[in-house]
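Below is my_file-v8.txt, holding compact mmCIF, C-alpha atoms.
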```
# COMPACT_ATOMS: atom_id res chain seq x y z
CA MET A 1459 0.00 0.00 0.00
CA HIS A 1460 1.23 3.48 -0.86
CA PHE A 1461 0.82 5.60 2.26
CA ALA A 1462 1.97 9.07 1.17
CA ARG A 1463 -1.27 10.14 -0.51
CA PRO A 1464 -3.74 8.87 2.13
CA VAL A 1465 -1.57 10.21 4.96
CA LEU A 1466 -1.29 13.65 3.33
CA ASP A 1467 -5.05 13.46 2.83
CA GLU A 1468 -5.50 13.00 6.58
CA ILE A 1469 -3.11 15.88 7.38
CA HIS A 1470 -5.03 18.04 4.89
CA ARG A 1471 -8.28 17.08 6.62
CA GLN A 1472 -6.86 17.92 10.08
CA VAL A 1473 -5.75 21.34 8.87
CA HIS A 1474 -9.39 21.97 7.92
CA ILE A 1475 -10.73 20.60 11.21
CA ASP A 1476 -8.39 22.75 13.32
CA GLU A 1477 -8.64 25.75 10.96
CA THR A 1478 -4.88 26.28 11.01
CA TYR A 1479 -4.64 27.21 7.33
CA SER A 1480 -3.10 30.52 6.29
CA TRP A 1481 -5.16 33.62 5.64
CA LEU A 1482 -4.62 33.09 1.90
CA HIS A 1483 -6.96 30.08 1.94
CA ARG A 1484 -10.71 30.53 1.65
CA PRO A 1485 -12.69 27.31 2.22
CA GLN A 1486 -15.64 28.80 0.36
CA ASP A 1487 -13.57 28.64 -2.82
CA GLY A 1488 -14.36 24.95 -3.02
CA CYS A 1489 -11.38 23.09 -1.51
CA THR A 1490 -12.41 19.45 -1.87
CA ILE A 1491 -10.11 17.05 -0.09
CA GLY A 1492 -11.04 14.10 -2.29
CA ASP A 1493 -10.46 15.94 -5.55
CA ASP A 1494 -7.21 14.47 -6.96
CA GLU A 1495 -6.39 17.42 -9.19
CA PHE A 1496 -6.98 19.97 -6.47
CA PHE A 1497 -5.34 17.86 -3.77
CA TRP A 1498 -1.90 17.78 -5.34
CA ALA A 1499 -2.07 21.40 -6.52
CA SER A 1500 -3.02 22.58 -3.03
CA THR A 1501 -0.40 20.71 -1.00
CA ASP A 1502 2.21 23.48 -1.32
CA THR A 1503 -0.17 26.40 -0.96
CA PHE A 1504 -2.43 24.95 1.73
CA VAL A 1505 -0.82 22.29 3.91
CA ASP A 1506 2.71 23.67 3.65
CA SER A 1507 1.53 27.15 4.65
CA ALA A 1508 -0.62 25.96 7.57
CA ASN A 1509 0.37 26.26 11.21
CA LEU A 1510 1.33 22.63 11.63
CA ASP A 1511 2.44 23.13 15.23
CA ALA A 1512 -1.17 23.98 16.13
CA LEU A 1513 -2.66 20.74 14.77
CA ASP A 1514 -4.45 18.41 17.19
CA LEU A 1515 -1.82 15.70 16.85
CA ASN A 1516 -3.67 13.17 19.02
CA SER A 1517 -6.81 13.48 16.91
CA LEU A 1518 -4.82 13.19 13.68
CA LEU A 1519 -2.79 10.16 14.71
CA SER A 1520 -5.85 8.44 16.18
CA ARG A 1521 -7.73 8.78 12.89
CA VAL A 1522 -4.69 7.68 10.87
CA ASN A 1523 -4.31 4.62 13.11
CA VAL A 1524 -7.94 3.64 12.55
CA ASN A 1525 -7.78 4.15 8.79
CA LEU A 1526 -4.20 3.16 7.97
CA GLY A 1527 -2.81 1.27 10.93
CA ASN A 1528 0.52 1.57 12.72
CA ARG A 1529 2.48 1.97 9.48
CA GLY A 1530 0.30 4.92 8.54
CA VAL A 1531 0.99 6.53 11.94
CA GLU A 1532 4.72 6.11 11.39
CA ILE A 1533 4.54 7.66 7.91
CA CYS A 1534 2.37 10.50 9.25
CA GLN A 1535 4.97 11.40 11.88
CA ILE A 1536 7.76 11.33 9.28
CA LEU A 1537 5.80 13.54 6.85
CA LEU A 1538 4.93 16.04 9.57
CA ARG A 1539 8.59 16.35 10.56
CA ALA A 1540 9.53 16.87 6.91
CA LEU A 1541 6.82 19.50 6.38
CA LYS A 1542 7.83 21.38 9.53
CA ALA A 1543 11.50 21.30 8.52
CA SER A 1544 10.55 22.67 5.09
CA GLN A 1545 8.67 25.53 6.77
CA ARG A 1546 11.65 26.39 8.95
CA LEU A 1547 13.95 26.64 5.93
CA ASP A 1548 11.55 28.40 3.56
CA PRO A 1549 12.25 32.16 3.69
CA TRP A 1550 8.77 32.87 2.33
CA SER A 1551 6.88 30.62 4.75
CA ARG A 1552 4.49 31.80 7.42
CA VAL A 1553 6.99 30.97 10.19
CA GLY A 1554 7.90 34.21 11.94
CA ARG A 1555 11.48 35.47 12.22
CA ALA A 1556 12.80 38.28 14.37
CA GLU A 1557 14.97 41.03 13.02
CA GLY A 1558 16.12 44.37 14.37
CA PRO A 1559 17.51 47.65 13.08
CA GLU A 1560 20.86 47.63 14.82
CA ALA A 1561 24.02 47.10 12.79
CA VAL A 1562 26.60 44.45 13.52
CA SER A 1563 30.28 44.55 12.67
CA LEU A 1564 31.66 41.78 10.51
CA ALA A 1565 34.64 41.71 12.86
CA HIS A 1566 32.34 39.76 15.16
CA LEU A 1567 31.97 37.06 12.51
CA PHE A 1568 35.67 36.82 11.69
CA GLN A 1569 37.39 37.55 14.99
CA ARG A 1570 35.01 36.63 17.82
CA GLY A 1571 33.34 33.38 18.81
CA GLU A 1572 30.49 34.46 21.06
CA ALA A 1573 26.89 34.94 19.92
CA THR A 1574 25.59 38.36 18.88
CA THR A 1575 22.69 40.08 20.60
CA GLN A 1576 20.38 39.15 17.72
CA VAL A 1577 21.32 35.52 17.34
CA GLN A 1578 18.48 33.29 16.12
CA LYS A 1579 19.11 30.12 18.13
CA PHE A 1580 22.83 29.69 17.55
CA PHE A 1581 23.85 32.00 14.67
CA ASP A 1582 22.98 35.52 13.53
CA GLN A 1583 20.67 35.63 10.48
CA ARG A 1584 22.52 38.67 9.15
CA PHE A 1585 25.73 36.65 8.99
CA ILE A 1586 23.91 33.85 7.17
CA ASN A 1587 22.78 36.26 4.45
CA TYR A 1588 26.25 37.76 4.21
CA LEU A 1589 27.92 34.36 3.76
CA ALA A 1590 25.29 33.24 1.24
CA ALA A 1591 26.34 36.23 -0.90
CA ASN A 1592 30.06 35.96 -0.08
CA TRP A 1593 30.76 32.25 0.22
CA HIS A 1594 34.48 32.74 -0.38
CA ASP A 1595 34.68 34.33 3.12
CA ALA A 1596 33.30 31.24 4.91
CA GLU A 1597 36.71 29.63 5.36
CA ARG A 1598 37.93 32.77 7.16
CA ILE A 1599 35.23 33.08 9.79
CA HIS A 1600 35.99 32.33 13.42
CA TRP A 1601 35.98 28.57 14.00
CA ARG A 1602 33.41 28.94 16.78
CA GLN A 1603 31.08 30.87 14.48
CA PHE A 1604 31.29 28.00 12.01
CA GLU A 1605 30.21 25.62 14.75
CA ARG A 1606 27.32 27.97 15.51
CA LEU A 1607 26.31 28.02 11.84
CA VAL A 1608 26.23 24.23 11.63
CA ALA A 1609 24.24 24.02 14.88
CA GLU A 1610 21.74 26.56 13.48
CA TYR A 1611 21.20 24.43 10.38
CA PHE A 1612 20.49 21.27 12.37
CA ASP A 1613 18.17 23.20 14.70
CA ARG A 1614 16.11 24.59 11.82
CA THR A 1615 15.82 21.19 10.17
CA GLY A 1616 14.02 19.86 13.22
CA TYR A 1617 16.63 18.38 15.55
CA GLN A 1618 17.16 19.04 19.24
CA VAL A 1619 20.67 20.46 19.22
CA GLU A 1620 23.35 20.74 21.86
CA LEU A 1621 26.32 22.91 20.95
CA GLY A 1622 29.48 21.88 22.76
CA PRO A 1623 31.53 24.29 24.87
CA GLY A 1624 33.96 24.99 22.01
CA SER A 1625 37.04 23.81 23.87
CA ASN A 1626 37.71 20.67 25.90
CA ASP A 1627 34.80 19.02 24.08
CA ASP A 1628 36.65 15.76 23.33
CA GLY A 1629 36.11 16.32 19.60
CA VAL A 1630 32.30 16.40 19.72
CA ASP A 1631 31.23 19.85 18.56
CA ILE A 1632 27.49 19.20 18.20
CA ARG A 1633 25.05 16.55 19.40
CA ALA A 1634 21.62 16.16 17.82
CA TRP A 1635 18.50 14.22 18.78
CA PRO A 1636 15.20 13.78 16.93
CA GLU A 1637 12.74 16.63 17.46
CA GLU A 1638 10.55 14.56 19.78
CA GLY A 1639 13.44 12.57 21.25
CA ASN A 1640 14.69 12.20 24.79
CA ARG A 1641 17.99 14.00 25.38
CA ASN A 1642 18.84 11.62 28.21
CA VAL A 1643 19.58 8.90 25.65
CA PRO A 1644 22.59 8.74 23.28
CA PRO A 1645 22.45 11.33 20.47
CA LEU A 1646 21.24 10.30 17.04
CA ILE A 1647 24.02 12.32 15.38
CA ILE A 1648 27.32 13.81 16.48
CA VAL A 1649 29.04 16.46 14.39
CA GLN A 1650 32.69 17.42 13.99
CA CYS A 1651 33.22 20.88 12.44
CA LYS A 1652 36.36 21.83 10.51
CA ARG A 1653 36.55 25.43 9.32
CA GLN A 1654 39.74 25.38 7.27
CA ARG A 1655 41.24 25.69 3.80
CA ALA A 1656 43.33 22.50 3.91
CA LYS A 1657 41.70 19.19 3.05
CA VAL A 1658 40.60 17.12 6.03
CA PRO A 1659 42.87 14.07 6.66
CA LYS A 1660 41.73 10.56 7.50
CA VAL A 1661 42.89 10.88 11.12
CA VAL A 1662 39.91 13.22 11.66
CA VAL A 1663 37.55 10.65 10.14
CA LYS A 1664 38.91 7.92 12.41
CA ALA A 1665 38.60 10.17 15.47
CA LEU A 1666 34.97 10.95 14.60
CA TRP A 1667 34.22 7.25 14.25
CA ALA A 1668 35.80 6.58 17.65
CA ASP A 1669 33.69 9.37 19.17
CA MET A 1670 30.56 7.82 17.64
CA GLN A 1671 31.32 4.53 19.38
CA GLU A 1672 31.98 6.29 22.67
CA GLU A 1673 28.78 8.33 22.43
CA ARG A 1674 26.79 5.40 20.94
CA ALA A 1675 25.58 7.72 18.17
CA GLN A 1676 23.93 6.24 15.09
CA ARG A 1677 25.58 8.59 12.60
CA GLY A 1678 28.38 11.09 12.38
CA VAL A 1679 28.62 14.24 10.27
CA LEU A 1680 31.87 15.89 9.27
CA ALA A 1681 31.08 19.51 8.35
CA THR A 1682 33.89 21.44 6.67
CA THR A 1683 34.42 24.51 4.52
CA SER A 1684 37.00 22.46 2.62
CA SER A 1685 36.83 18.83 1.48
CA LEU A 1686 38.28 15.44 2.43
CA GLU A 1687 41.65 14.10 1.42
CA PRO A 1688 41.22 11.12 -0.95
CA GLY A 1689 42.52 8.79 1.75
CA ALA A 1690 39.91 10.07 4.21
CA GLN A 1691 37.07 9.42 1.77
CA ARG A 1692 38.41 5.93 1.01
CA THR A 1693 38.52 5.18 4.74
CA ILE A 1694 34.82 6.03 5.10
CA GLU A 1695 33.90 3.88 2.13
CA SER A 1696 36.16 0.88 2.75
CA ARG A 1697 35.33 0.62 6.45
CA ARG A 1698 31.66 1.47 5.90
CA TYR A 1699 31.63 4.16 8.52
CA ASP A 1700 28.20 5.70 9.13
CA ILE A 1701 29.63 9.15 8.45
CA ASP A 1702 28.17 11.81 6.16
CA VAL A 1703 30.36 14.60 4.81
CA ALA A 1704 29.08 18.16 4.39
CA ASP A 1705 31.87 19.81 2.41
CA GLY A 1706 32.20 23.35 1.06
CA PRO A 1707 29.51 23.09 -1.67
CA ALA A 1708 27.10 21.41 0.77
CA ILE A 1709 27.60 24.17 3.37
CA PHE A 1710 26.90 26.74 0.65
CA LYS A 1711 23.59 24.99 -0.09
CA TRP A 1712 22.78 25.13 3.62
CA LEU A 1713 23.37 28.88 3.59
CA LEU A 1714 21.11 29.35 0.59
CA ALA A 1715 18.39 27.38 2.38
CA LEU A 1716 18.80 29.39 5.61
CA ARG A 1717 18.91 32.89 4.12
CA VAL A 1718 15.98 35.24 4.65
CA PRO A 1719 15.09 38.00 2.16
CA GLY A 1720 15.76 41.53 3.37
CA VAL A 1721 17.97 40.65 6.33
CA GLY A 1722 21.71 41.08 6.47
CA ILE A 1723 24.60 42.67 4.65
CA THR A 1724 26.41 41.75 1.48
CA SER A 1725 29.80 43.43 1.82
CA LEU A 1726 32.47 44.19 4.39
CA GLN A 1727 31.78 47.18 6.61
```

For this file, produce the structure as structure tokens.
Amino acid sequence: MHFARPVLDEIHRQVHIDETYSWLHRPQDGCTIGDDEFFWASTDTFVDSANLDALDLNSLLSRVNVNLGNRGVEICQILLRALKASQRLDPWSRVGRAEGPEAVSLAHLFQRGEATTQVQKFFDQRFINYLAANWHDAERIHWRQFERLVAEYFDRTGYQVELGPGSNDDGVDIRAWPEEGNRNVPPLIIVQCKRQRAKVPKVVVKALWADMQEERAQRGVLATTSSLEPGAQRTIESRRYDIDVADGPAIFKWLLALRVPGVGITSLQ
């Protein structure tokens, strides 16, 4: 059985029941949940723009369980997490973002590691927009700010994030748990951040794998403004390490996803 369509149908129905749709939607225009043509056309403009955090989750999952069983409930939870993550990253979504008029010096980004007064959760949105327009400067930012940037990305994609102290962290820069997870259990992911120009050697890969075993994490992520040495990549592949690599181009894509129109600066001040 294909679950995506019927599960999205139930989410669509719950949005109607709870009236959490955006002001752009007018039910009197004839939104018919069972209409195939309308259903797929309206997913982006209706469900994706709804206030999904305000849905009656118990009611939704109870109905999905009755109609689609336990597998349907599992798929529903996965789809909701994906939709919420998409909202967090969409600069045009209905999710609110704070911004203020005060200026910030780029010296803070390049020379200082602490958070600014207008930090989102971990990293200043104005710096995100600057780096999205000036990616060549990313390898020069303060190493602690790079850790903050990576933590901000994981936070906005729906994880519970713990940013390490920055020093004496035993090589674990970031720990991440599922959005609804218990932080008293081992992290789902641990992240090692390397803000540098030189390629990352295999000794870093081996150290991350050792940290994963110590932390009992399911996956590791090596985030770098550079790339891996060939030997480091071969080590991951030949030993089948559960390690994902976010290199320079991947970090740039993260910045593009995190940027917000009208916030930030695009040149040195």

Q) Please, what distance in Å, to one decimal, runs between CA of Tyr1611 in chain A and CA of Pro1659 in chain A? A)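 For CA of Tyr1611 in chain A relative to CA of Pro1659 in chain A, the distance reads 24.3 Å.
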
Q. Quick one: distance from CA of Asp1700 in chain A to CA of Arg1677 in chain A in Å, one decimal?
A.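 These atoms are spaced 5.2 Å apart.
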
Output as JSON lines one row per residue of range 1657-1689 of chain A within 8 Å of range 1638-1650 of chain A: the closest atom pair and its distance in Å to one decimal place, counting all atoms listed in the file, sorted by chain and residue number ascending.
```
{"residue": "A:Leu1666", "atom": "CA", "partner": "A:Gln1650", "partner_atom": "CA", "distance": 6.9}
{"residue": "A:Met1670", "atom": "CA", "partner": "A:Ile1648", "partner_atom": "CA", "distance": 6.9}
{"residue": "A:Glu1673", "atom": "CA", "partner": "A:Pro1644", "partner_atom": "CA", "distance": 6.3}
{"residue": "A:Arg1674", "atom": "CA", "partner": "A:Pro1644", "partner_atom": "CA", "distance": 5.9}
{"residue": "A:Ala1675", "atom": "CA", "partner": "A:Leu1646", "partner_atom": "CA", "distance": 5.2}
{"residue": "A:Gln1676", "atom": "CA", "partner": "A:Leu1646", "partner_atom": "CA", "distance": 5.2}
{"residue": "A:Arg1677", "atom": "CA", "partner": "A:Ile1647", "partner_atom": "CA", "distance": 4.9}
{"residue": "A:Gly1678", "atom": "CA", "partner": "A:Ile1648", "partner_atom": "CA", "distance": 5.0}
{"residue": "A:Val1679", "atom": "CA", "partner": "A:Val1649", "partner_atom": "CA", "distance": 4.7}
{"residue": "A:Leu1680", "atom": "CA", "partner": "A:Gln1650", "partner_atom": "CA", "distance": 5.0}
{"residue": "A:Ala1681", "atom": "CA", "partner": "A:Gln1650", "partner_atom": "CA", "distance": 6.2}
```

Pick out the residues sitting within 9 Å of Gly1616 in chain A, and hand them over as a PDB file with C-alpha atoms, in the coordinates of the input; count only C-alpha atoms, and ignore anything fewer than 4 positions along from it in its own chain.
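Contents of out22.pdb, as written:
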```
ATOM      1  CA  ARG A1539       8.590  16.350  10.560  1.00  0.00           C
ATOM      2  CA  ALA A1540       9.530  16.870   6.910  1.00  0.00           C
ATOM      3  CA  LYS A1542       7.830  21.380   9.530  1.00  0.00           C
ATOM      4  CA  ALA A1543      11.500  21.300   8.520  1.00  0.00           C
ATOM      5  CA  ARG A1546      11.650  26.390   8.950  1.00  0.00           C
ATOM      6  CA  TYR A1611      21.200  24.430  10.380  1.00  0.00           C
ATOM      7  CA  PHE A1612      20.490  21.270  12.370  1.00  0.00           C
ATOM      8  CA  PRO A1636      15.200  13.780  16.930  1.00  0.00           C
ATOM      9  CA  GLU A1637      12.740  16.630  17.460  1.00  0.00           C
TER      10      GLU A1637
END
```

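Closest to Leu1686 in chain A among A:Leu1621, A:Ala1665, A:Ala1561, A:Val1703 is A:Val1703, based on only C-alpha atoms.
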
Q) How many Å separate CA of Lys1652 in chain A from CA of Thr1682 in chain A? A) 4.6 Å

Q | Of the listed residues A:His1566, A:Arg1697, A:Arg1653, A:Arg1717, that which approaches Trp1601 in chain A most closely, counting all atoms listed in the file | A | A:Arg1653

Q | Residue contacts of Asp1631 in chain A (10 Å, all atoms listed in the file) excluding same-chain residues fewer than 4 positions away, as a VMD selection string | A | chain A and resid 1602 1605 to 1606 1608 to 1609 1620 to 1627 1648 to 1652

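Among the candidates A:Arg1570, A:Arg1614, A:Arg1633, A:Arg1598, the residue lying nearest to Ser1544 in chain A is A:Arg1614 (atoms considered: only C-alpha atoms).
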
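Closest approach to Thr1693 in chain A from the set A:Leu1714, A:Val1663, A:Gly1706, A:Leu1537 is made by A:Val1663, with distances taken over all atoms listed in the file.
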
Q: List the neighbours of Val1524 in chain A out to 12 Å using only C-alpha atoms; skip same-chain residues closer than 6 positions along the sequence, and give me the result as a count of residues only.
A: 6

(Q) Residues within 9 Å of (26.8, 25.6, 5.6), file coordinates, counting all atoms listed in the file: what are they? Give the list as a PyMOL selection string. (A) chain A and resi 1586+1590+1596+1604+1607-1608+1611+1681-1683+1704-1714+1716

Q) With only C-alpha atoms as the atoms that count, which of A:Gln1618, A:Gln1576, A:Gln1671, A:Ser1684 lies nearest to Trp1593 in chain A? A)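 The shortest atom-to-atom distance to Trp1593 in chain A comes from A:Ser1684.
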